[in-house]
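Report on one structure; see the data block that follows.
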Amino acid sequence: MDDQVDHSRRRLLTVATVGTGAIGVAFAAAPFLASWNPSARAKALGAPVEVDASKLEPGQMIKVAWRGQPIYVVRRTKDVIQHLGDHNDLLVDPDSDASEQPAYIKASGAARARNPEYWVGLGVCTHLGCAPLGAFERRKEFQLAGVDLGSNWPGGFYCPCHGSKYDASGRVFKNVPAPKNLTIPPYALGKDMHIVIGVDDASQNA
Ligand code: FES
């Protein structure tokens with residue numbers, strides 16, 4: 001009698017284990033199949049975005065959305081570009097060794113750009129994700145949103161959430177909460193200063 005009870009319990013446990021396993025497979029398969037059948041909306045979200053930067057004046061910025069994230073395109077002044085190398089000792093990662101960026105951006109040095117005049121980057125602070133504000137002139141004193149950016153501001157970005165500062169190449173300054181430089185997405189330069197975000201054109205790589 002005891003023996004029979006043991007057998008039936010063992011069968012029940014076996015059925016229960018197989019059943020749970022089947023449900024687990026079903027749940028695991030659903031996201032897998034979804035990733036192989038992206039919706040039109042998902043495709044559109046991941047598609048490259050073309051930006052016409054030809055009308056930008058030096059010191060101006062435009063924002064576009066790519067993959068649901070803000071991308072900043074800044075036309076830097078010659079003055080700001082010339083002095084990008086002057087404040088390396090104030091930066092956390094001046095050579096962008098720990099930055100998220102394509103290899104050709106790292107190779108461009110302090111400019112972090114395919115064309116030094118036009119900087120492209122993710123407008124997302126690397127601390128907690130706020131949108132940094134732009135302050136793209138070199139000035140002895142710069143007040144932005146009521147905040148003193150310090151003496152000899154080299155041009156760059158200020159995050160109003162907790163005070164992180166980045167230079168005009170998106171390189172983060174020391175002693176602020178943000179740990180890393182701003183991220184740079186893959187992009188290509190088209191004709192007449194049209195910039196295509198989200199594609200890598202290997203022929204443009206240095
Ligand atoms: S989110 Fe930018 S400083 Fe905190």
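Following the order of the structure tokens, first chain is A, next is B, and so on, with residues numbered from 1 inside each chain and ligands from 1 in the order they appear.
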Env. residues ligand 1 / 6 Å / only C-alpha atoms and all ligand atoms / as a PyMOL selection string: chain A and resi 125+127-130+159+161-164+177-178
Please identify every residue of range 132-158 of chain A that has at least one atom no farther than 12 Å from an atom of range 181-200 of chain A, counting only C-alpha atoms, and for each give the shortest atom pair and the distance in Å to one decimal, arranged by chain then increasing number, as CSV.
residue,atom,partner,partner_atom,distance
A:Pro132,CA,A:Leu182,CA,9.8
A:Gly156,CA,A:Leu182,CA,11.2
A:Phe157,CA,A:Leu182,CA,9.9
A:Tyr158,CA,A:Leu182,CA,11.7
Output N, CA and C atoms for every residue in the selection just made, as a PDB file, in the first residue's frame.
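Output file result-v4.pdb follows:
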ATOM      1  N   PRO A 132      21.460  67.514 -20.702  1.00  0.00           N
ATOM      2  CA  PRO A 132      22.344  68.662 -20.452  1.00  0.00           C
ATOM      3  C   PRO A 132      21.957  69.858 -21.320  1.00  0.00           C
ATOM      4  N   GLY A 156      30.632  74.181 -23.676  1.00  0.00           N
ATOM      5  CA  GLY A 156      30.261  72.791 -23.447  1.00  0.00           C
ATOM      6  C   GLY A 156      28.840  72.638 -22.976  1.00  0.00           C
ATOM      7  N   PHE A 157      28.640  71.694 -22.058  1.00  0.00           N
ATOM      8  CA  PHE A 157      27.297  71.346 -21.589  1.00  0.00           C
ATOM      9  C   PHE A 157      27.260  71.383 -20.062  1.00  0.00           C
ATOM     10  N   TYR A 158      26.090  71.762 -19.553  1.00  0.00           N
ATOM     11  CA  TYR A 158      25.854  71.769 -18.114  1.00  0.00           C
ATOM     12  C   TYR A 158      24.573  70.991 -17.838  1.00  0.00           C
TER      13      TYR A 158
END
DSSP alpha helix (DSSP H) selection over range 96-170 of chain A, as a list in words: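 Everything in range 96-170 of chain A that counts as alpha helix (DSSP H) is Ala103, Tyr104, Ile105, Lys106 and Ala107 of chain A.
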Selected residue, from A:Gly134, A:Pro70, A:Gly46, A:Pro116, that lies nearest to Tyr166 in chain A when counting only C-alpha atoms: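 Closest to Tyr166 in chain A of all the choices is A:Gly134.
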Atomic distance CA of Val49 in chain A - CA of Ala98 in chain A, expressed in Å with one decimal: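 CA of Ala98 in chain A lies at a distance of 26.1 Å from CA of Val49 in chain A.
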10 Å contact set for Lys63 in chain A, only C-alpha atoms, chain neighbours under 3 positions out, as a PyMOL selection string: chain A and resi 51+66+69-74+120-123
Could you write out that same residue set with C-alpha atoms as a JSON list (two decimals), in the first residue's frame?
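Heads up, here's the output in out_20.json:
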[["chain", "number", "residue", "atom", "x", "y", "z"],
["A", 51, "VAL", "CA", 19.77, 65.78, -40.00],
["A", 66, "TRP", "CA", 17.02, 58.51, -32.78],
["A", 69, "GLN", "CA", 16.83, 59.11, -27.49],
["A", 70, "PRO", "CA", 17.84, 62.75, -27.98],
["A", 71, "ILE", "CA", 20.79, 63.37, -30.27],
["A", 72, "TYR", "CA", 22.53, 66.74, -30.15],
["A", 73, "VAL", "CA", 24.20, 68.20, -33.24],
["A", 74, "VAL", "CA", 26.33, 71.24, -32.37],
["A", 120, "VAL", "CA", 27.21, 64.79, -32.68],
["A", 121, "GLY", "CA", 26.39, 63.07, -29.39],
["A", 122, "LEU", "CA", 23.73, 61.64, -27.14],
["A", 123, "GLY", "CA", 22.01, 64.36, -25.09]]
Residues of range 139-188 of chain A in strand (DSSP E or B), written as a list of chain:residue names: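 Everything in range 139-188 of chain A that counts as strand (DSSP E or B) is A:Arg139, A:Gln143, A:Leu144, A:Val147, A:Asp148, A:Trp153, A:Gly156, A:Phe157, A:Tyr158, A:Lys165, A:Tyr166, A:Asp167, A:Val172, A:Phe173, A:Tyr187, A:Ala188.
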Now that the selection is made, can you save its residues with N, CA and C atoms as a PDB file, in the first residue's frame?
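New file out-v8.pdb:
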ATOM      1  N   ARG A 139      34.176  81.700 -22.360  1.00  0.00           N
ATOM      2  CA  ARG A 139      34.026  82.965 -21.650  1.00  0.00           C
ATOM      3  C   ARG A 139      34.729  82.888 -20.313  1.00  0.00           C
ATOM      4  N   GLN A 143      27.114  82.416 -16.819  1.00  0.00           N
ATOM      5  CA  GLN A 143      25.975  82.088 -15.968  1.00  0.00           C
ATOM      6  C   GLN A 143      24.975  81.349 -16.839  1.00  0.00           C
ATOM      7  N   LEU A 144      24.579  80.159 -16.415  1.00  0.00           N
ATOM      8  CA  LEU A 144      23.591  79.408 -17.177  1.00  0.00           C
ATOM      9  C   LEU A 144      22.552  78.871 -16.202  1.00  0.00           C
ATOM     10  N   VAL A 147      23.313  79.505 -12.746  1.00  0.00           N
ATOM     11  CA  VAL A 147      24.468  78.826 -12.148  1.00  0.00           C
ATOM     12  C   VAL A 147      25.748  79.368 -12.766  1.00  0.00           C
ATOM     13  N   ASP A 148      26.732  79.605 -11.921  1.00  0.00           N
ATOM     14  CA  ASP A 148      28.031  80.067 -12.382  1.00  0.00           C
ATOM     15  C   ASP A 148      28.828  78.848 -12.848  1.00  0.00           C
ATOM     16  N   TRP A 153      35.334  79.244 -18.683  1.00  0.00           N
ATOM     17  CA  TRP A 153      34.475  78.201 -19.248  1.00  0.00           C
ATOM     18  C   TRP A 153      34.900  77.970 -20.711  1.00  0.00           C
ATOM     19  N   GLY A 156      30.632  74.181 -23.676  1.00  0.00           N
ATOM     20  CA  GLY A 156      30.261  72.791 -23.447  1.00  0.00           C
ATOM     21  C   GLY A 156      28.840  72.638 -22.976  1.00  0.00           C
ATOM     22  N   PHE A 157      28.640  71.694 -22.058  1.00  0.00           N
ATOM     23  CA  PHE A 157      27.297  71.346 -21.589  1.00  0.00           C
ATOM     24  C   PHE A 157      27.260  71.383 -20.062  1.00  0.00           C
ATOM     25  N   TYR A 158      26.090  71.762 -19.553  1.00  0.00           N
ATOM     26  CA  TYR A 158      25.854  71.769 -18.114  1.00  0.00           C
ATOM     27  C   TYR A 158      24.573  70.991 -17.838  1.00  0.00           C
ATOM     28  N   LYS A 165      29.257  68.775 -15.560  1.00  0.00           N
ATOM     29  CA  LYS A 165      29.713  69.649 -16.655  1.00  0.00           C
ATOM     30  C   LYS A 165      30.517  68.824 -17.646  1.00  0.00           C
ATOM     31  N   TYR A 166      30.339  69.143 -18.907  1.00  0.00           N
ATOM     32  CA  TYR A 166      31.070  68.477 -19.993  1.00  0.00           C
ATOM     33  C   TYR A 166      31.634  69.563 -20.910  1.00  0.00           C
ATOM     34  N   ASP A 167      32.740  69.279 -21.557  1.00  0.00           N
ATOM     35  CA  ASP A 167      33.248  70.277 -22.505  1.00  0.00           C
ATOM     36  C   ASP A 167      32.494  70.149 -23.833  1.00  0.00           C
ATOM     37  N   VAL A 172      33.584  64.734 -19.783  1.00  0.00           N
ATOM     38  CA  VAL A 172      33.119  65.160 -18.462  1.00  0.00           C
ATOM     39  C   VAL A 172      34.258  65.749 -17.624  1.00  0.00           C
ATOM     40  N   PHE A 173      33.905  66.787 -16.879  1.00  0.00           N
ATOM     41  CA  PHE A 173      34.882  67.406 -15.974  1.00  0.00           C
ATOM     42  C   PHE A 173      34.990  66.597 -14.685  1.00  0.00           C
ATOM     43  N   TYR A 187      27.595  57.525 -36.914  1.00  0.00           N
ATOM     44  CA  TYR A 187      26.948  58.427 -37.887  1.00  0.00           C
ATOM     45  C   TYR A 187      27.860  58.605 -39.090  1.00  0.00           C
ATOM     46  N   ALA A 188      27.274  59.119 -40.152  1.00  0.00           N
ATOM     47  CA  ALA A 188      28.033  59.369 -41.381  1.00  0.00           C
ATOM     48  C   ALA A 188      27.744  60.780 -41.860  1.00  0.00           C
TER      49      ALA A 188
END
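In this model, the gap between CA of Gly146 in chain A and CA of Thr77 in chain A comes to 23.7 Å.
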Within 9 Å of Val80 in chain A using only C-alpha atoms, minus same-chain residues under 3 positions, as an MDAnalysis selection string: chainID A and resid 76:77 83:84 136:138 154:156 168
Atom-to-atom span, CA of Gly68 in chain A and CA of Ala47 in chain A, Å: 10.8 Å
